[in-house]
Amino acid sequence: MKLLRVREGIIGSIVAGMVMAMVAMAYTLVTQGDLLAPVKQMAAIFFGSADGSLLAIVVGLMLHMMASVIFGIAFVLVGRVLVGGADWPLSEAGLWPVAIGAMAFILVEWVIAAFVVLPAIDRPLLPTFASIGGLVAHAMYGLVLAGWLVWRAEPATVHVHSGSHQHNLA
């Protein structure tokens, strides 16, 4: 069994955050006619509206990726606590139990953010975040994060056949 490190939560959450952003951007392109609406809306917390300036777009992207990383780290740490240590047997659990856990974790965050946090601090983000597109984007984040973590937790074993003996190299 291989240790699951917080580093894998960080890397996996960056990948998952990019997939989540693509889903959210595709959704807003179809529903709002604006590919960049999610990042503009995220930046509204600092700019007061869904400003389309380059600075607002960069700030929105940075906020999104920082939040993605924070929730990826949190998922790894919560998983460690629930399972009982850093030696989290993800490779033994398999993808679907971990994916269900990751999607449940991030969907709890979605509910809290959509109905408690965002109405108080970033109302312009609600049309995207608290929509079916936002829900699907968050579920995809959980699925991709789980896939990354399970893949990275797999022990690296190579079977080498030499003569009549088999050797496992890890």
# chains A, B, ... in the order shown; residues from 1 in each chain; ligands from 1
$ residues_around --residues "segment 9-25 of chain A" --least-positions-apart "5" --cutoff "9 Å" --atoms "only C-alpha atoms" --output "VMD selection string"
chain A and resid 4 30 34 to 39 61 64 to 77 128 to 129 133 to 134 136 to 149
$ atom_distance --atom1 "atom CA of Ile57 of chain A" --atom2 "atom CA of Lys40 of chain A"
5.5 Å
$ residues_around --residues "segment 115-120 of chain A" --least-positions-apart "2" --cutoff "12 Å" --atoms "only C-alpha atoms" --output "PyMOL selection string"
chain A and resi 41-42+44-45+108-113+122-131
$ write_last_selection --atoms "all heavy atoms" --output "short mmCIF file (atom, residue, chain, number, x, y, z; two decimals), in the first residue's frame"
data_model
loop_
_atom_site.label_atom_id
_atom_site.label_comp_id
_atom_site.auth_asym_id
_atom_site.auth_seq_id
_atom_site.Cartn_x
_atom_site.Cartn_y
_atom_site.Cartn_z
N GLN A 41 -17.94 36.04 -12.80
CA GLN A 41 -18.84 36.04 -11.65
C GLN A 41 -18.08 35.76 -10.36
O GLN A 41 -18.42 36.32 -9.31
CB GLN A 41 -19.95 35.00 -11.86
CG GLN A 41 -20.87 35.36 -13.01
CD GLN A 41 -21.71 34.20 -13.48
OE1 GLN A 41 -21.49 33.04 -13.12
NE2 GLN A 41 -22.70 34.50 -14.33
N MET A 42 -17.07 34.91 -10.41
CA MET A 42 -16.25 34.67 -9.21
C MET A 42 -15.51 35.93 -8.80
O MET A 42 -15.38 36.22 -7.61
CB MET A 42 -15.25 33.54 -9.44
CG MET A 42 -15.85 32.17 -9.33
SD MET A 42 -14.62 30.89 -9.15
CE MET A 42 -14.40 30.90 -7.38
N ALA A 44 -16.47 38.85 -9.06
CA ALA A 44 -17.40 39.88 -8.58
C ALA A 44 -17.29 40.08 -7.08
O ALA A 44 -17.66 41.14 -6.57
CB ALA A 44 -18.83 39.52 -8.96
N ILE A 45 -16.76 39.11 -6.37
CA ILE A 45 -16.56 39.27 -4.94
C ILE A 45 -15.63 40.46 -4.64
O ILE A 45 -15.76 41.12 -3.63
CB ILE A 45 -16.04 37.96 -4.30
CG1 ILE A 45 -16.17 38.02 -2.79
CG2 ILE A 45 -14.63 37.68 -4.72
CD1 ILE A 45 -15.95 36.70 -2.11
N VAL A 108 -21.66 18.54 -0.69
CA VAL A 108 -21.97 19.21 0.57
C VAL A 108 -21.44 20.64 0.52
O VAL A 108 -22.12 21.59 0.92
CB VAL A 108 -21.40 18.43 1.78
CG1 VAL A 108 -21.42 19.26 3.05
CG2 VAL A 108 -22.17 17.13 1.98
N GLU A 109 -20.22 20.79 0.02
CA GLU A 109 -19.65 22.14 -0.16
C GLU A 109 -20.54 22.96 -1.09
O GLU A 109 -20.79 24.13 -0.84
CB GLU A 109 -18.23 22.04 -0.74
CG GLU A 109 -17.61 23.36 -1.12
CD GLU A 109 -17.90 23.81 -2.55
OE1 GLU A 109 -18.09 22.97 -3.43
OE2 GLU A 109 -17.92 25.05 -2.78
N TRP A 110 -21.04 22.36 -2.16
CA TRP A 110 -21.88 23.06 -3.12
C TRP A 110 -23.15 23.57 -2.45
O TRP A 110 -23.54 24.72 -2.64
CB TRP A 110 -22.22 22.14 -4.29
CG TRP A 110 -23.09 22.77 -5.33
CD1 TRP A 110 -22.70 23.59 -6.35
CD2 TRP A 110 -24.51 22.65 -5.45
NE1 TRP A 110 -23.78 23.98 -7.10
CE2 TRP A 110 -24.91 23.41 -6.56
CE3 TRP A 110 -25.48 21.96 -4.72
CZ2 TRP A 110 -26.24 23.51 -6.97
CZ3 TRP A 110 -26.81 22.06 -5.12
CH2 TRP A 110 -27.17 22.83 -6.23
N VAL A 111 -23.80 22.73 -1.66
CA VAL A 111 -25.04 23.13 -0.98
C VAL A 111 -24.77 24.28 -0.01
O VAL A 111 -25.51 25.28 -0.01
CB VAL A 111 -25.67 21.92 -0.24
CG1 VAL A 111 -26.78 22.37 0.70
CG2 VAL A 111 -26.19 20.90 -1.24
N ILE A 112 -23.72 24.16 0.79
CA ILE A 112 -23.40 25.22 1.75
C ILE A 112 -23.07 26.53 1.03
O ILE A 112 -23.55 27.60 1.40
CB ILE A 112 -22.24 24.78 2.68
CG1 ILE A 112 -22.71 23.63 3.57
CG2 ILE A 112 -21.73 25.95 3.51
CD1 ILE A 112 -21.59 22.93 4.31
N ALA A 113 -22.26 26.44 -0.01
CA ALA A 113 -21.89 27.64 -0.75
C ALA A 113 -23.09 28.24 -1.48
O ALA A 113 -23.29 29.46 -1.45
CB ALA A 113 -20.77 27.33 -1.74
N ASP A 122 -21.29 36.79 -2.75
CA ASP A 122 -21.06 36.87 -4.21
C ASP A 122 -22.33 36.48 -4.98
O ASP A 122 -22.37 35.45 -5.65
CB ASP A 122 -19.89 35.97 -4.60
CG ASP A 122 -19.40 36.22 -6.03
OD1 ASP A 122 -19.97 37.07 -6.73
OD2 ASP A 122 -18.44 35.54 -6.45
N ARG A 123 -23.34 37.32 -4.91
CA ARG A 123 -24.60 37.05 -5.59
C ARG A 123 -24.48 36.90 -7.11
O ARG A 123 -25.20 36.12 -7.71
CB ARG A 123 -25.64 38.10 -5.23
CG ARG A 123 -26.03 38.03 -3.75
CD ARG A 123 -27.18 38.93 -3.40
NE ARG A 123 -28.49 38.44 -3.81
CZ ARG A 123 -29.12 37.39 -3.30
NH1 ARG A 123 -28.56 36.69 -2.36
NH2 ARG A 123 -30.32 37.05 -3.71
N PRO A 124 -23.57 37.63 -7.79
CA PRO A 124 -23.46 37.46 -9.24
C PRO A 124 -23.06 36.03 -9.67
O PRO A 124 -23.34 35.62 -10.79
CB PRO A 124 -22.37 38.46 -9.64
CG PRO A 124 -22.45 39.53 -8.61
CD PRO A 124 -22.78 38.80 -7.32
N LEU A 125 -22.43 35.26 -8.78
CA LEU A 125 -22.03 33.90 -9.13
C LEU A 125 -23.19 32.91 -9.04
O LEU A 125 -23.14 31.83 -9.64
CB LEU A 125 -20.87 33.44 -8.21
CG LEU A 125 -20.26 32.07 -8.44
CD1 LEU A 125 -19.78 31.91 -9.89
CD2 LEU A 125 -19.12 31.83 -7.47
N LEU A 126 -24.25 33.24 -8.33
CA LEU A 126 -25.35 32.31 -8.11
C LEU A 126 -26.00 31.76 -9.38
O LEU A 126 -26.32 30.57 -9.42
CB LEU A 126 -26.41 32.94 -7.20
CG LEU A 126 -26.01 33.01 -5.73
CD1 LEU A 126 -27.05 33.80 -4.94
CD2 LEU A 126 -25.81 31.63 -5.15
N PRO A 127 -26.24 32.56 -10.44
CA PRO A 127 -26.88 31.98 -11.63
C PRO A 127 -26.10 30.80 -12.24
O PRO A 127 -26.70 29.91 -12.83
CB PRO A 127 -26.94 33.15 -12.62
CG PRO A 127 -26.86 34.37 -11.78
CD PRO A 127 -26.02 34.00 -10.59
N THR A 128 -24.81 30.80 -12.08
CA THR A 128 -24.00 29.69 -12.59
C THR A 128 -23.80 28.64 -11.52
O THR A 128 -24.03 27.45 -11.74
CB THR A 128 -22.63 30.21 -13.07
OG1 THR A 128 -22.84 31.14 -14.13
CG2 THR A 128 -21.75 29.08 -13.56
N PHE A 129 -23.38 29.07 -10.35
CA PHE A 129 -23.01 28.13 -9.28
C PHE A 129 -24.20 27.31 -8.81
O PHE A 129 -24.12 26.10 -8.68
CB PHE A 129 -22.41 28.92 -8.11
CG PHE A 129 -21.73 28.06 -7.09
CD1 PHE A 129 -20.36 27.84 -7.16
CD2 PHE A 129 -22.44 27.46 -6.07
CE1 PHE A 129 -19.72 27.05 -6.23
CE2 PHE A 129 -21.81 26.66 -5.13
CZ PHE A 129 -20.44 26.46 -5.21
N ALA A 130 -25.33 27.97 -8.52
CA ALA A 130 -26.50 27.31 -7.95
C ALA A 130 -27.44 26.77 -9.02
O ALA A 130 -28.64 26.71 -8.82
CB ALA A 130 -27.22 28.26 -7.01
N SER A 131 -26.89 26.37 -10.14
CA SER A 131 -27.69 25.84 -11.25
C SER A 131 -27.37 24.37 -11.45
O SER A 131 -26.46 23.82 -10.82
CB SER A 131 -27.33 26.59 -12.54
OG SER A 131 -25.99 26.29 -12.91
#
$ atom_distance --atom1 "atom CA of Asp51 of chain A" --atom2 "atom CA of Ile121 of chain A"
15.8 Å
$ atom_distance --atom1 "atom CA of Ala43 of chain A" --atom2 "atom CA of Val58 of chain A"
8.3 Å
$ select_by_dssp --residues "chain A" --states "strand (DSSP E or B)" --output "number ranges by chain"
A: 158-162, 165-169
$ write_last_selection --atoms "all heavy atoms" --output "PDB file, in the first residue's frame"
ATOM      1  N   VAL A 158       5.861  -3.805 -10.958  1.00  0.00           N
ATOM      2  CA  VAL A 158       6.237  -4.274 -12.276  1.00  0.00           C
ATOM      3  C   VAL A 158       6.608  -5.746 -12.138  1.00  0.00           C
ATOM      4  O   VAL A 158       7.397  -6.110 -11.276  1.00  0.00           O
ATOM      5  CB  VAL A 158       7.448  -3.477 -12.834  1.00  0.00           C
ATOM      6  CG1 VAL A 158       7.850  -4.020 -14.177  1.00  0.00           C
ATOM      7  CG2 VAL A 158       7.129  -2.001 -12.895  1.00  0.00           C
ATOM      8  N   HIS A 159       6.006  -6.570 -12.962  1.00  0.00           N
ATOM      9  CA  HIS A 159       6.313  -7.995 -12.937  1.00  0.00           C
ATOM     10  C   HIS A 159       7.387  -8.285 -13.986  1.00  0.00           C
ATOM     11  O   HIS A 159       7.213  -7.964 -15.151  1.00  0.00           O
ATOM     12  CB  HIS A 159       5.057  -8.825 -13.230  1.00  0.00           C
ATOM     13  CG  HIS A 159       3.961  -8.582 -12.249  1.00  0.00           C
ATOM     14  ND1 HIS A 159       3.979  -9.094 -10.985  1.00  0.00           N
ATOM     15  CD2 HIS A 159       2.823  -7.854 -12.345  1.00  0.00           C
ATOM     16  CE1 HIS A 159       2.892  -8.707 -10.340  1.00  0.00           C
ATOM     17  NE2 HIS A 159       2.176  -7.946 -11.155  1.00  0.00           N
ATOM     18  N   VAL A 160       8.466  -8.877 -13.539  1.00  0.00           N
ATOM     19  CA  VAL A 160       9.567  -9.197 -14.433  1.00  0.00           C
ATOM     20  C   VAL A 160       9.757 -10.715 -14.424  1.00  0.00           C
ATOM     21  O   VAL A 160       9.895 -11.319 -13.368  1.00  0.00           O
ATOM     22  CB  VAL A 160      10.878  -8.503 -13.981  1.00  0.00           C
ATOM     23  CG1 VAL A 160      12.017  -8.894 -14.886  1.00  0.00           C
ATOM     24  CG2 VAL A 160      10.694  -7.000 -13.930  1.00  0.00           C
ATOM     25  N   HIS A 161       9.718 -11.291 -15.606  1.00  0.00           N
ATOM     26  CA  HIS A 161       9.935 -12.726 -15.720  1.00  0.00           C
ATOM     27  C   HIS A 161      11.374 -12.960 -16.165  1.00  0.00           C
ATOM     28  O   HIS A 161      11.820 -12.437 -17.169  1.00  0.00           O
ATOM     29  CB  HIS A 161       8.973 -13.337 -16.757  1.00  0.00           C
ATOM     30  CG  HIS A 161       7.533 -13.210 -16.362  1.00  0.00           C
ATOM     31  ND1 HIS A 161       6.949 -14.066 -15.481  1.00  0.00           N
ATOM     32  CD2 HIS A 161       6.591 -12.306 -16.708  1.00  0.00           C
ATOM     33  CE1 HIS A 161       5.673 -13.708 -15.303  1.00  0.00           C
ATOM     34  NE2 HIS A 161       5.451 -12.625 -16.051  1.00  0.00           N
ATOM     35  N   SER A 162      12.090 -13.732 -15.380  1.00  0.00           N
ATOM     36  CA  SER A 162      13.461 -14.084 -15.770  1.00  0.00           C
ATOM     37  C   SER A 162      13.645 -15.565 -15.509  1.00  0.00           C
ATOM     38  O   SER A 162      13.642 -16.020 -14.366  1.00  0.00           O
ATOM     39  CB  SER A 162      14.504 -13.252 -15.000  1.00  0.00           C
ATOM     40  OG  SER A 162      14.412 -13.521 -13.634  1.00  0.00           O
ATOM     41  N   HIS A 165      11.629 -17.756 -12.681  1.00  0.00           N
ATOM     42  CA  HIS A 165      11.234 -16.991 -11.520  1.00  0.00           C
ATOM     43  C   HIS A 165      10.538 -15.691 -11.930  1.00  0.00           C
ATOM     44  O   HIS A 165      10.854 -15.123 -12.971  1.00  0.00           O
ATOM     45  CB  HIS A 165      12.449 -16.631 -10.655  1.00  0.00           C
ATOM     46  CG  HIS A 165      13.211 -17.824 -10.160  1.00  0.00           C
ATOM     47  ND1 HIS A 165      12.628 -18.856  -9.474  1.00  0.00           N
ATOM     48  CD2 HIS A 165      14.518 -18.137 -10.258  1.00  0.00           C
ATOM     49  CE1 HIS A 165      13.537 -19.759  -9.171  1.00  0.00           C
ATOM     50  NE2 HIS A 165      14.703 -19.334  -9.656  1.00  0.00           N
ATOM     51  N   GLN A 166       9.620 -15.293 -11.095  1.00  0.00           N
ATOM     52  CA  GLN A 166       8.960 -14.017 -11.309  1.00  0.00           C
ATOM     53  C   GLN A 166       9.363 -13.087 -10.169  1.00  0.00           C
ATOM     54  O   GLN A 166       9.367 -13.477  -9.011  1.00  0.00           O
ATOM     55  CB  GLN A 166       7.444 -14.188 -11.306  1.00  0.00           C
ATOM     56  CG  GLN A 166       6.694 -12.889 -11.484  1.00  0.00           C
ATOM     57  CD  GLN A 166       5.189 -13.103 -11.538  1.00  0.00           C
ATOM     58  OE1 GLN A 166       4.724 -14.161 -11.884  1.00  0.00           O
ATOM     59  NE2 GLN A 166       4.460 -12.072 -11.187  1.00  0.00           N
ATOM     60  N   HIS A 167       9.701 -11.850 -10.493  1.00  0.00           N
ATOM     61  CA  HIS A 167      10.110 -10.873  -9.491  1.00  0.00           C
ATOM     62  C   HIS A 167       9.152  -9.688  -9.536  1.00  0.00           C
ATOM     63  O   HIS A 167       8.800  -9.216 -10.612  1.00  0.00           O
ATOM     64  CB  HIS A 167      11.544 -10.382  -9.780  1.00  0.00           C
ATOM     65  CG  HIS A 167      12.549 -11.465  -9.855  1.00  0.00           C
ATOM     66  ND1 HIS A 167      13.089 -12.047  -8.734  1.00  0.00           N
ATOM     67  CD2 HIS A 167      13.070 -12.121 -10.913  1.00  0.00           C
ATOM     68  CE1 HIS A 167      13.944 -12.997  -9.102  1.00  0.00           C
ATOM     69  NE2 HIS A 167      13.949 -13.059 -10.425  1.00  0.00           N
ATOM     70  N   ASN A 168       8.773  -9.226  -8.381  1.00  0.00           N
ATOM     71  CA  ASN A 168       7.949  -8.015  -8.291  1.00  0.00           C
ATOM     72  C   ASN A 168       8.837  -6.860  -7.865  1.00  0.00           C
ATOM     73  O   ASN A 168       9.508  -6.929  -6.851  1.00  0.00           O
ATOM     74  CB  ASN A 168       6.823  -8.168  -7.268  1.00  0.00           C
ATOM     75  CG  ASN A 168       5.764  -9.131  -7.738  1.00  0.00           C
ATOM     76  OD1 ASN A 168       5.546  -9.274  -8.934  1.00  0.00           O
ATOM     77  ND2 ASN A 168       5.125  -9.809  -6.808  1.00  0.00           N
ATOM     78  N   LEU A 169       8.873  -5.836  -8.677  1.00  0.00           N
ATOM     79  CA  LEU A 169       9.659  -4.656  -8.363  1.00  0.00           C
ATOM     80  C   LEU A 169       8.706  -3.518  -8.022  1.00  0.00           C
ATOM     81  O   LEU A 169       7.809  -3.211  -8.780  1.00  0.00           O
ATOM     82  CB  LEU A 169      10.526  -4.255  -9.566  1.00  0.00           C
ATOM     83  CG  LEU A 169      11.455  -5.341 -10.120  1.00  0.00           C
ATOM     84  CD1 LEU A 169      12.127  -4.821 -11.367  1.00  0.00           C
ATOM     85  CD2 LEU A 169      12.465  -5.736  -9.076  1.00  0.00           C
TER      86      LEU A 169
END
$ closest_residue --among "A:Leu135, A:Leu54, A:Ala102, A:Ala153" --to "Arg7 of chain A" --atoms "only C-alpha atoms"
A:Ala153
$ select_by_dssp --residues "segment 11-162 of chain A" --states "helix (DSSP H, G or I)" --output "JSON, numbers by chain"
{"A": [11, 12, 13, 14, 15, 16, 17, 18, 19, 20, 21, 22, 23, 24, 25, 26, 27, 28, 29, 30, 31, 32, 37, 38, 39, 40, 41, 42, 43, 44, 45, 46, 47, 54, 55, 56, 57, 58, 59, 60, 61, 62, 63, 64, 65, 66, 67, 68, 69, 70, 71, 72, 73, 74, 75, 76, 77, 78, 79, 80, 81, 82, 83, 90, 91, 92, 93, 95, 96, 97, 98, 99, 100, 101, 102, 103, 104, 105, 106, 107, 108, 109, 110, 111, 112, 113, 114, 115, 116, 117, 118, 119, 120, 121, 123, 124, 125, 126, 127, 128, 129, 132, 133, 134, 135, 136, 137, 138, 139, 140, 141, 142, 143, 144, 145, 146, 147, 148, 149, 150, 151, 152, 153]}
